[in-house]
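Data block below; observations after.
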Amino acid sequence: MTSHVVHTNLVDADINSLTDRAAMGLPEGYVEPRAERLRYFARVAGHPADELAAEVEDASLPLEHRLAAGTALALAGDPRIRWDAPRMLRVPAGQALLGTPEGEVDALHADSARFGVQRSWVEKECPRHTLLVADFAIARHPVTNAEFAVFLKDTGHTEIPSNWNYGRFDPSAANHPVYTVTAQSADAYAGWLARRTGRRFRLPTEQEWEYAAAGPDGLRHPWGDTWDAQAANTLETGLLMTTPVGAFPEGRSWCGALDMAGNVEEYTSSTYRPYPGGELVRDDLYLRLGAYRIARGGAFNRFRDLARCQRRHGPYPRSLYAMGFRLAEDVPASGEV
């Protein structure tokens with residue numbers, strides 16, 4: 001009989017004083033996660049790679065089917081992933097509506113307090129403001145394990161993701177986003193790829209990231225203002241693992257980017273500072289790290305609040321924080337680049 005993941009109410013909890021499992025609202029004993037056994041795998045294992053790629057991103061199929069297709073695709077070789085030619089999406093210049101109105105802080109905190117969210121973490125998103133964002137391109141999905149492995153092999157970079165046991169990723173997760181990397185490694189990857197390809201790859205600023213995720217209307221989630229647990233790989237989904245990129249197609253943002261909510265947190269190139277007119281928030285991140293790199297988007301092992309487009313976070317130094325990244329690019333061509 002399959003168990004269901006049940007999360008403890010964490011109101012007023014100090015997340016960073018809890019064990020990882022307690023911070024995730026899980027009991028210390030084993031809980032069988034959703035999709036522990038991919039019952040669809042035998043059905044999809046012989047499908048051609050192009051067909052598998054379509055199945056991973058087909059919202060009409062059950063999630064378990066999409067995950068099985070993604071696993072088969074990782075083992076067969078995922079045609080969506082090319083380290084030397086990542087799929088980039090044009091984000092047209094526009095007036096970005098960024099941050100959270102101060103009048104919404106109380107409601108957002110009341111909604112997220114059950115997850116141990118402190119009011120100051122929401123206040124960090126204030127005030128709402130506008131910024132003119134120039135043309136740029138954003139990667140369709142975060143950088144994957146397979147792509148990061150090419151970088152490590154080519155450069156001899158010594159920082160191996162800490163979740164790669166004995167320095168090796170699971171081949172069945174080749175098309176999952178890489179995580180447990182530092183911001184410096186993310187920067188190094190973008191710089192390496194720019195040199196190898198002659199293109200202007202980099203990490204997005206936090207303003208660009210939010211604009212690509214939330215769109216001109218400043219949506220709370222890439223798909224709209226109402227939370228949808230079917231659209232993102234967060235703790236609510238009950239998987240307790242990363243997933244193949246694109247396996248949550250209903251979470252697609254206005255510019256076509258996938259996985260901008262959930263799966264792994266994504267570094268930006270920006271260092272935390274208050275928004276114009278805002279106040280410096282001396283929360284646990286700031287007190288522990290001082291100036292820290294902003295990350296966005298939430299993760300598979302965190303609750304939905306962290307997946308809001310406006311939520312500003314960072315790399316608190318413990319294993320609970322699944323830090324990955326996606327690329328941006330200067331001066332894109334029209335459409336996909």
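Note on naming: chains are A, B, ... as they come in the structure tokens, residues start from 1 per chain, ligands start from 1 in the order shown.
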
For Glu64 (chain A), please output as a list in words all residues within 7 Å (counting only C-alpha atoms; exclusion window: fewer than 6 positions along the same chain).
Ala35, Leu38 and Tyr40 of chain A

Report as JSON lines: every residue of region 30-83 of chain A with an atom at most 10 Å from region 137-160 of chain A, its closest pair of atoms, and their distance in Å to one decimal, counting only C-alpha atoms, with rows sorted by chain and ascending residue number.
{"residue": "A:Ala74", "atom": "CA", "partner": "A:Ala146", "partner_atom": "CA", "distance": 9.1}
{"residue": "A:Gly77", "atom": "CA", "partner": "A:Ala146", "partner_atom": "CA", "distance": 9.8}
{"residue": "A:Asp78", "atom": "CA", "partner": "A:Ala146", "partner_atom": "CA", "distance": 9.7}
{"residue": "A:Arg80", "atom": "CA", "partner": "A:His141", "partner_atom": "CA", "distance": 9.7}
{"residue": "A:Ile81", "atom": "CA", "partner": "A:Glu147", "partner_atom": "CA", "distance": 7.7}
{"residue": "A:Arg82", "atom": "CA", "partner": "A:Glu147", "partner_atom": "CA", "distance": 7.4}
{"residue": "A:Trp83", "atom": "CA", "partner": "A:Glu147", "partner_atom": "CA", "distance": 5.1}

Take the residues that were just selected and, keeping C-alpha atoms, output them as a compact mmCIF listing (two decimals), in the first residue's frame.
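Written output follows (again_21.txt):
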# COMPACT_ATOMS: atom_id res chain seq x y z
CA ALA A 74 17.86 10.30 -20.00
CA GLY A 77 20.05 10.50 -24.81
CA ASP A 78 17.78 13.53 -24.51
CA ARG A 80 16.34 18.54 -26.02
CA ILE A 81 19.68 18.96 -24.27
CA ARG A 82 22.71 20.19 -26.18
CA TRP A 83 25.44 21.64 -24.03

Minimum-distance residue to Arg326 (chain A), chosen among A:Glu208, A:Glu36, A:Glu125, A:Asp283 (using only C-alpha atoms):
A:Glu208

Please give the complete set of residues from region 88-335 of chain A that DSSP, run on the backbone, assigns to strand (DSSP E), formatted as an MDAnalysis selection string.
chainID A and resid 88:91 94:98 129:133 136:139 201:202 265:271 293:296 323:325 328:329

Dump as a compact mmCIF listing (two decimals), in the first residue's frame, selection limited to C-alpha atoms:
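File written: out.txt
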# COMPACT_ATOMS: atom_id res chain seq x y z
CA MET A 88 17.17 30.01 -25.56
CA LEU A 89 13.97 32.03 -25.62
CA ARG A 90 13.68 35.70 -26.46
CA VAL A 91 12.27 37.92 -23.73
CA GLY A 94 9.40 45.86 -21.57
CA GLN A 95 8.33 47.50 -18.36
CA ALA A 96 8.71 44.85 -15.67
CA LEU A 97 6.42 44.95 -12.64
CA LEU A 98 8.63 43.64 -9.85
CA HIS A 129 8.18 48.84 -8.48
CA THR A 130 8.72 49.00 -12.21
CA LEU A 131 11.91 48.70 -14.21
CA LEU A 132 12.56 48.88 -17.93
CA VAL A 133 14.17 45.59 -18.95
CA PHE A 136 17.60 39.36 -23.53
CA ALA A 137 17.22 35.61 -23.84
CA ILE A 138 16.50 33.08 -21.11
CA ALA A 139 17.19 29.36 -21.27
CA PHE A 201 25.99 33.60 -22.05
CA ARG A 202 25.70 34.67 -18.41
CA GLU A 265 16.42 27.03 -6.94
CA GLU A 266 18.19 29.15 -9.55
CA TYR A 267 21.03 31.55 -8.93
CA THR A 268 20.89 34.98 -10.48
CA SER A 269 23.84 37.31 -11.00
CA SER A 270 22.46 39.76 -8.40
CA THR A 271 23.65 40.28 -4.84
CA ARG A 293 23.69 35.87 -4.17
CA ILE A 294 19.98 36.00 -4.87
CA ALA A 295 18.29 32.77 -5.95
CA ARG A 296 14.76 32.35 -7.26
CA MET A 323 20.83 25.43 -5.63
CA GLY A 324 20.99 25.23 -9.43
CA PHE A 325 20.90 27.78 -12.24
CA ALA A 328 20.65 34.09 -19.89
CA GLU A 329 22.14 35.59 -23.05

Let me make sure I understand: among A:Gly314, A:Gly246, A:Gly277, A:Gly29, which one has the smallest atom-to-atom distance to Gly290 (chain A) if we use only C-alpha atoms?
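Looking at the shortest contact to Gly290 (chain A), the residue is A:Gly314.
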
Run DSSP on the backbone and tell me which residues of region 100-155 of chain A come out as alpha helix (DSSP H); list them as a VMD selection string.
chain A and resid 105 to 112 119 to 123 145 to 155

Which neighbours of Arg311 (chain A) fall inside 9 Å, counting only C-alpha atoms, when residues of the same chain fewer than 6 positions from it are skipped, and could you give them as a PDB file with N, CA and C atoms, in the first residue's frame?
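The resulting file, part13.pdb, is reproduced below:
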ATOM      1  N   GLY A  99       8.461  42.739  -7.621  1.00  0.00           N
ATOM      2  CA  GLY A  99       8.246  42.812  -6.190  1.00  0.00           C
ATOM      3  C   GLY A  99       6.799  42.655  -5.772  1.00  0.00           C
ATOM      4  N   THR A 100       6.556  42.880  -4.493  1.00  0.00           N
ATOM      5  CA  THR A 100       5.242  42.668  -3.880  1.00  0.00           C
ATOM      6  C   THR A 100       4.726  43.961  -3.258  1.00  0.00           C
ATOM      7  N   TRP A 121      10.700  37.742   5.600  1.00  0.00           N
ATOM      8  CA  TRP A 121      11.074  37.147   4.323  1.00  0.00           C
ATOM      9  C   TRP A 121      10.163  37.651   3.210  1.00  0.00           C
ATOM     10  N   VAL A 122       8.915  37.914   3.543  1.00  0.00           N
ATOM     11  CA  VAL A 122       7.985  38.475   2.564  1.00  0.00           C
ATOM     12  C   VAL A 122       8.265  39.966   2.377  1.00  0.00           C
ATOM     13  N   LYS A 124      10.950  41.407   2.354  1.00  0.00           N
ATOM     14  CA  LYS A 124      12.130  41.557   1.507  1.00  0.00           C
ATOM     15  C   LYS A 124      11.739  41.809   0.041  1.00  0.00           C
ATOM     16  N   GLU A 125      10.520  41.434  -0.324  1.00  0.00           N
ATOM     17  CA  GLU A 125      10.040  41.599  -1.705  1.00  0.00           C
ATOM     18  C   GLU A 125       9.477  42.991  -1.969  1.00  0.00           C
ATOM     19  N   ALA A 295      18.795  33.923  -5.208  1.00  0.00           N
ATOM     20  CA  ALA A 295      18.293  32.773  -5.954  1.00  0.00           C
ATOM     21  C   ALA A 295      16.767  32.870  -6.011  1.00  0.00           C
ATOM     22  N   ARG A 296      16.210  32.268  -7.030  1.00  0.00           N
ATOM     23  CA  ARG A 296      14.760  32.350  -7.262  1.00  0.00           C
ATOM     24  C   ARG A 296      14.190  30.984  -7.634  1.00  0.00           C
ATOM     25  N   GLY A 297      12.862  30.855  -7.465  1.00  0.00           N
ATOM     26  CA  GLY A 297      12.129  29.770  -8.098  1.00  0.00           C
ATOM     27  C   GLY A 297      11.709  28.592  -7.261  1.00  0.00           C
ATOM     28  N   GLY A 298      12.244  28.432  -6.026  1.00  0.00           N
ATOM     29  CA  GLY A 298      11.813  27.293  -5.226  1.00  0.00           C
ATOM     30  C   GLY A 298      12.462  25.994  -5.665  1.00  0.00           C
ATOM     31  N   ASP A 305       5.626  28.368  -1.161  1.00  0.00           N
ATOM     32  CA  ASP A 305       5.889  29.792  -1.009  1.00  0.00           C
ATOM     33  C   ASP A 305       7.195  30.193  -1.671  1.00  0.00           C
TER      34      ASP A 305
END

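If you count only C-alpha atoms and ignore residues fewer than 3 places along the chain from Thr180 (chain A), what sits within 8 Å of it is Pro161, Ser162, Asn163, Ser319, Tyr321, Ala322, Met323 and Gly324 of chain A.
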
Selection near His109 (chain A), 12 Å with only C-alpha atoms, sequence-local residues under 3 positions removed, as a ChimeraX atom specification
/A:11-12,100,102-106,112-125,305-306,311

Nearest residue to Tyr30 (chain A) out of A:Ala110, A:Leu289, A:Leu63, A:Leu240, using only C-alpha atoms?
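Of A:Ala110, A:Leu289, A:Leu63, A:Leu240, the one nearest Tyr30 (chain A) is A:Leu240, counting only C-alpha atoms.
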
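Nearest-residue note for Ala76 (chain A): choosing from A:Ala54, A:Ala134, A:Val181, A:Ala174, the minimum distance belongs to A:Ala174, counting only C-alpha atoms.
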
Could you state the separation of CA of Ser172 (chain A) and CA of Pro315 (chain A) in Å, given to one decimal place?
26.3 Å
